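Right, one structure below, let's go through it.
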Amino acid sequence: MNATSPEGGAGVGAPRATAEKPTKGLADVVAASTALSDIDGKAGRLFYRGYDIHDLAGRTTFEETAHLLQCGALPTRDQLAAYGAKLVDGRALGALVEANIPEIAEKMAPMEALRTLVSLAGAEDPDKDSNDVEANLRKAARLTAQQPILVARYHAARSGVSVPDPDPGLSVAANFLLQITGRTPDPRAVEIFDACLVLHADHTMNASTFAARVCAATLSDMHSAIVAAIGTLKGPLHGGANEQVMRTLQSIEPGSVASTVRQMLADHQKIMGFGHRVYKTEDPRATHLRKMSQELAQAAGDDTYFRMSREMEQVVLDEKGLYPNVDFYAATVYHYLGIPTDLFTPVFSVSRMSGWTAHVIEQHADNRLIRPDSEYIGERDQKWEPIDAR
Ligand code: COA
């Protein structure tokens with residue numbers, strides 16, 4: 001790169017006059033302004049558009065929360081009815097998606113499948129060529145409506161069973177449990193799952209949301225931004241942690257939780273579901289999920305995994321001073337709700353779709369390309385040799 005390069009380099013070999021040491025992993029760097037959510041990491045508090053998550057969880061439905069994030073305010077009854085109707089209409093999958101579900105279900109893991117199916121949905125979305133706010137709102141509703149259907153249809157196809165048709169009278173949460181388990185869900189299970197969706201809906205500049213905003217800031221379309229987000233959520237340091245929590249619990253003997261976790265820590269292994277970049281105390285979402293896990297364990301008549309989780313929590317706190325994050329108790333909650341373990345991260349995406357799409361709308365509404373700088377740490381002043389002389 002030289003001084004006239006389109007990337008605006010400072011010239012060959014010249015250190016940048018303004019270069020600063022980067023913060024590894026961009027910790028504490030403010031990467032965007034948002035009116036969507038806010039975290040007080042010291043106090044362990046989370047807000048969606050100024051509403052405390054403790055006031056929303058269990059009292060506000062996922063549909064109301066999605067409306068809050070995407071449309072800017074908690075809905076009135078009429079607004080909620082109109083938004084709910086948009087979600088019901090939006091559940092219909094396009095022909096390209098429908099045609100590809102069987103092969104995708106056969107060949108791809110769940111998050112790969114979702115990444116691919118959302119990409120296909122983008123190709124046939126009627127608003128694909130517009131980033132206008134009205135088009136974005138329509139796409140946001142369709143994406144939010146379709147994500148749980150895609151998970152259910154994928155699961156049914158790979159299991160070789162048919163899935164009940166979506167019931168227009170059912171909420172996102174109830175319809176998802178119906179389609180995943182094939183049974184009319186217990187009303188309390190629906191309430192709990194609905195609260196899980198609310199708790200996972202948005203979370204400031206988490207990795208997948210940042211990925212979505214970087215993509216959207218190039219003025220790419222909403223579906224492309226969501227594909228970037230799904231690929232980012234997939235990783236075990238982000239959304240993939242909830243599945244890993246369950247696999248850890250299943251791999252430990254109930255009587256040897258403390259010794260196993262201590263050994264894992266002594267071996268410098270990360271215990272999935274613990275620690276957080278922003279929270280320095282308990283993640284407020286974990287407070288709700290712990291209670292839900294306990295309730296569901298008692299209702300199931302076997303609280304082994306819940307008791308193991310409590311023991312793990314105590315050991316990790318004693319040994320490392322780390323608290324559970326959202327993924328830790330979400331794992332056992334989803335398990336007790338009858339959701340297959342490898343669908344835990346897809347379920348996260350069902351909820352986070354509401355936040356991702358809201359962030360894309362926000363980014364497009366006041367856009368500037370997101371293009372940070374980097375610190376060059378490679379060789380300088382290299383002497384070029386023709387290939388035969390190297
Ligand atoms: N288990 C064991 N040790 C952990 C840990 C965990 N879950 N999370 C953090 N630590 C330790 C690290 O080993 C490191 O210790 P060191 O300073 O002695 O090397 C220290 O705490 C800081 O961890 P680091 O990974 O640098 O923090 P981060 O801010 O970059 O990462 C997470 C945050 C969430 C990625 C990290 O806590 C983690 O990997 N957790 C497990 C995965 C998870 O649950 N992800 C879901 C997040 S909602």
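Letters A, B, ... mark the chains of the structure tokens in the order given; residue numbers begin at 1 per chain; ligand numbers begin at 1, in order shown.
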From a DSSP pass on the backbone, collect the residues of stretch 60-276 of chain A flagged as helix (DSSP H, G or I) and hand them back as an MDAnalysis selection string. chainID A and resid 62:71 77:90 95:107 110:123 133:159 172:181 187:199 207:216 222:233 241:251 254:266
Please produce a file of those selected residues containing C-alpha atoms, as a CSV table (one decimal), in the first residue's frame.
```csv
chain,number,residue,atom,x,y,z
A,62,PHE,CA,-41.6,-11.8,23.0
A,63,GLU,CA,-43.9,-10.2,20.4
A,64,GLU,CA,-44.2,-7.0,22.5
A,65,THR,CA,-40.4,-7.1,23.0
A,66,ALA,CA,-39.7,-7.5,19.3
A,67,HIS,CA,-42.1,-4.6,18.6
A,68,LEU,CA,-40.3,-2.5,21.3
A,69,LEU,CA,-36.9,-3.2,19.6
A,70,GLN,CA,-37.9,-3.0,15.9
A,71,CYS,CA,-40.6,-0.3,16.0
A,77,ARG,CA,-53.2,-3.6,22.0
A,78,ASP,CA,-54.0,-2.5,18.5
A,79,GLN,CA,-50.4,-2.2,17.5
A,80,LEU,CA,-49.7,-5.6,19.0
A,81,ALA,CA,-52.5,-7.1,17.0
A,82,ALA,CA,-51.2,-5.5,13.8
A,83,TYR,CA,-47.6,-6.6,14.5
A,84,GLY,CA,-48.8,-10.2,15.5
A,85,ALA,CA,-50.7,-10.4,12.2
A,86,LYS,CA,-47.5,-9.4,10.3
A,87,LEU,CA,-45.7,-12.1,12.1
A,88,VAL,CA,-48.3,-14.7,11.3
A,89,ASP,CA,-48.2,-13.7,7.6
A,90,GLY,CA,-44.5,-13.7,7.6
A,95,ALA,CA,-40.4,-21.7,-2.7
A,96,LEU,CA,-36.5,-21.7,-2.8
A,97,VAL,CA,-36.3,-22.3,1.0
A,98,GLU,CA,-39.0,-25.0,0.9
A,99,ALA,CA,-37.3,-26.8,-1.9
A,100,ASN,CA,-33.9,-26.9,-0.2
A,101,ILE,CA,-34.9,-27.8,3.4
A,102,PRO,CA,-34.7,-31.6,2.9
A,103,GLU,CA,-31.2,-31.6,1.4
A,104,ILE,CA,-29.9,-29.0,3.9
A,105,ALA,CA,-31.4,-31.0,6.8
A,106,GLU,CA,-29.6,-34.1,5.6
A,107,LYS,CA,-26.2,-32.5,5.1
A,110,PRO,CA,-28.2,-26.7,12.6
A,111,MET,CA,-26.4,-23.4,12.6
A,112,GLU,CA,-25.0,-24.0,9.1
A,113,ALA,CA,-28.5,-24.8,8.0
A,114,LEU,CA,-29.9,-21.6,9.4
A,115,ARG,CA,-27.2,-19.5,7.9
A,116,THR,CA,-27.9,-21.1,4.5
A,117,LEU,CA,-31.7,-21.0,4.7
A,118,VAL,CA,-31.7,-17.3,5.7
A,119,SER,CA,-29.4,-16.6,2.8
A,120,LEU,CA,-31.9,-18.4,0.5
A,121,ALA,CA,-34.8,-16.5,2.1
A,122,GLY,CA,-33.0,-13.2,1.3
A,123,ALA,CA,-32.7,-14.2,-2.4
A,133,VAL,CA,-37.0,1.8,6.8
A,134,GLU,CA,-40.5,0.5,5.7
A,135,ALA,CA,-38.9,-2.3,3.7
A,136,ASN,CA,-36.5,-3.0,6.6
A,137,LEU,CA,-39.4,-3.2,9.0
A,138,ARG,CA,-41.2,-5.7,6.8
A,139,LYS,CA,-38.1,-7.8,6.4
A,140,ALA,CA,-37.5,-7.7,10.2
A,141,ALA,CA,-41.0,-9.0,10.8
A,142,ARG,CA,-40.5,-11.8,8.2
A,143,LEU,CA,-37.1,-12.8,9.6
A,144,THR,CA,-38.4,-12.8,13.1
A,145,ALA,CA,-41.5,-14.9,12.1
A,146,GLN,CA,-39.5,-17.3,10.0
A,147,GLN,CA,-36.6,-18.2,12.2
A,148,PRO,CA,-38.5,-20.5,14.6
A,149,ILE,CA,-40.3,-22.1,11.6
A,150,LEU,CA,-36.9,-22.7,9.9
A,151,VAL,CA,-35.6,-24.4,13.1
A,152,ALA,CA,-38.7,-26.6,13.4
A,153,ARG,CA,-38.8,-27.5,9.7
A,154,TYR,CA,-35.1,-28.3,9.7
A,155,HIS,CA,-35.5,-30.5,12.8
A,156,ALA,CA,-38.5,-32.3,11.4
A,157,ALA,CA,-36.8,-32.9,8.0
A,158,ARG,CA,-33.7,-34.4,9.6
A,159,SER,CA,-35.8,-36.6,11.9
A,172,VAL,CA,-44.1,-17.4,18.6
A,173,ALA,CA,-43.2,-19.3,21.8
A,174,ALA,CA,-46.2,-21.6,21.8
A,175,ASN,CA,-46.0,-22.4,18.2
A,176,PHE,CA,-42.3,-23.2,18.4
A,177,LEU,CA,-42.8,-25.7,21.3
A,178,LEU,CA,-45.7,-27.2,19.4
A,179,GLN,CA,-43.7,-27.7,16.2
A,180,ILE,CA,-40.5,-28.9,18.0
A,181,THR,CA,-42.1,-31.4,20.3
A,187,PRO,CA,-49.1,-23.2,29.3
A,188,ARG,CA,-46.5,-22.8,32.0
A,189,ALA,CA,-43.8,-24.1,29.6
A,190,VAL,CA,-44.9,-21.6,27.0
A,191,GLU,CA,-44.7,-18.8,29.6
A,192,ILE,CA,-41.2,-19.8,30.6
A,193,PHE,CA,-40.0,-20.2,27.0
A,194,ASP,CA,-41.5,-16.9,26.1
A,195,ALA,CA,-39.6,-15.3,28.9
A,196,CYS,CA,-36.4,-17.0,27.6
A,197,LEU,CA,-37.0,-15.3,24.2
A,198,VAL,CA,-37.4,-12.0,25.9
A,199,LEU,CA,-34.2,-12.4,27.9
A,207,ALA,CA,-20.2,-10.2,18.6
A,208,SER,CA,-23.0,-11.2,16.4
A,209,THR,CA,-24.8,-7.9,16.6
A,210,PHE,CA,-21.5,-6.1,15.8
A,211,ALA,CA,-21.0,-8.4,12.8
A,212,ALA,CA,-24.5,-7.6,11.6
A,213,ARG,CA,-23.9,-3.8,11.9
A,214,VAL,CA,-20.5,-4.0,10.1
A,215,CYS,CA,-22.3,-5.7,7.2
A,216,ALA,CA,-25.2,-3.4,7.2
A,222,MET,CA,-30.7,-7.0,6.0
A,223,HIS,CA,-30.6,-10.7,5.1
A,224,SER,CA,-26.8,-10.4,4.4
A,225,ALA,CA,-26.3,-8.8,7.8
A,226,ILE,CA,-28.3,-11.6,9.5
A,227,VAL,CA,-26.3,-14.3,7.7
A,228,ALA,CA,-23.1,-12.6,9.2
A,229,ALA,CA,-24.7,-12.6,12.6
A,230,ILE,CA,-25.8,-16.2,12.5
A,231,GLY,CA,-22.3,-17.3,11.5
A,232,THR,CA,-20.9,-15.3,14.4
A,233,LEU,CA,-23.4,-16.5,17.0
A,241,ALA,CA,-21.9,-21.9,24.7
A,242,ASN,CA,-25.4,-23.0,25.7
A,243,GLU,CA,-25.0,-26.3,23.8
A,244,GLN,CA,-21.6,-26.8,25.3
A,245,VAL,CA,-22.9,-26.3,28.8
A,246,MET,CA,-25.4,-29.1,28.3
A,247,ARG,CA,-22.7,-31.4,26.9
A,248,THR,CA,-20.4,-30.6,29.9
A,249,LEU,CA,-23.2,-31.5,32.3
A,250,GLN,CA,-23.9,-34.7,30.4
A,251,SER,CA,-20.2,-35.7,30.4
A,254,PRO,CA,-23.4,-36.3,39.1
A,255,GLY,CA,-21.3,-37.2,42.2
A,256,SER,CA,-18.0,-35.7,40.9
A,257,VAL,CA,-19.0,-32.3,39.7
A,258,ALA,CA,-16.7,-30.4,42.1
A,259,SER,CA,-13.6,-32.5,41.4
A,260,THR,CA,-14.2,-32.5,37.6
A,261,VAL,CA,-14.7,-28.7,37.4
A,262,ARG,CA,-11.6,-28.1,39.6
A,263,GLN,CA,-9.6,-30.4,37.3
A,264,MET,CA,-10.9,-28.6,34.2
A,265,LEU,CA,-9.8,-25.3,35.7
A,266,ALA,CA,-6.5,-26.6,36.7
```
Which chains and residue numbers are within 7 Å of ligand 1, counting only C-alpha atoms and all ligand atoms, if I want them as a PDB file with C-alpha atoms, in the first residue's frame?
```pdb
ATOM      1  CA  GLY A  25     -10.812  -8.044  21.359  1.00  0.00           C
ATOM      2  CA  PRO A 236     -18.680 -21.530  21.286  1.00  0.00           C
ATOM      3  CA  LEU A 237     -17.430 -18.277  22.802  1.00  0.00           C
ATOM      4  CA  HIS A 238     -20.778 -16.688  21.891  1.00  0.00           C
ATOM      5  CA  GLY A 239     -24.121 -18.412  21.244  1.00  0.00           C
ATOM      6  CA  ALA A 241     -21.876 -21.857  24.678  1.00  0.00           C
ATOM      7  CA  LEU A 265      -9.836 -25.261  35.707  1.00  0.00           C
ATOM      8  CA  HIS A 268      -6.807 -24.145  32.036  1.00  0.00           C
ATOM      9  CA  GLN A 269      -9.998 -25.210  30.322  1.00  0.00           C
ATOM     10  CA  LYS A 270     -12.768 -22.686  29.982  1.00  0.00           C
ATOM     11  CA  ILE A 271     -16.010 -23.687  31.641  1.00  0.00           C
ATOM     12  CA  MET A 272     -18.753 -22.827  29.185  1.00  0.00           C
ATOM     13  CA  GLY A 273     -21.537 -20.590  30.464  1.00  0.00           C
ATOM     14  CA  PHE A 274     -19.290 -18.585  32.816  1.00  0.00           C
ATOM     15  CA  GLY A 275     -17.645 -15.206  32.512  1.00  0.00           C
ATOM     16  CA  HIS A 276     -18.594 -12.174  30.519  1.00  0.00           C
ATOM     17  CA  ARG A 277     -16.835  -9.305  28.811  1.00  0.00           C
ATOM     18  CA  LYS A 320     -12.239 -18.173  39.627  1.00  0.00           C
ATOM     19  CA  ASN A 325     -23.817 -15.867  32.017  1.00  0.00           C
ATOM     20  CA  VAL A 326     -27.042 -16.191  30.015  1.00  0.00           C
ATOM     21  CA  ASP A 327     -25.996 -19.485  28.455  1.00  0.00           C
TER      22      ASP A 327
END
```
Mind checking which residues fall within 8 Å of stretch 292-307 of chain A, counting only C-alpha atoms, ignoring those fewer than 3 positions away in the same chain, and posting them as a PyMOL selection string? chain A and resi 192+249+254+288-289+310-311+329-330+332-333+336-337
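With only C-alpha atoms as the basis for measurement, A:Thr61 is the residue among A:Asn367, A:Thr34, A:Thr61, A:Thr287 that approaches A:Ser351 most closely.
Across the model, the gap from atom CA of A:Phe328 to atom CA of A:Val316 is 11.9 Å.
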Tell me, in Å to one decimal, how far atom CA of A:Leu93 is from atom CA of A:Leu219. 25.2 Å
Shell of 7 Å around stretch 40-57 of chain A, only C-alpha atoms, local chain residues under 5 positions omitted, as a VMD selection string: chain A and resid 35 195 198 to 199 278 to 284
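The interatomic distance for the pair atom CA of A:Asp38 and atom CA of A:His200 works out to 13.4 Å.
Each of A:Asp125, A:Gly94, A:Asp167, A:Thr218 was compared to A:Leu369 using only C-alpha atoms, and A:Thr218 turns out to be the nearest.
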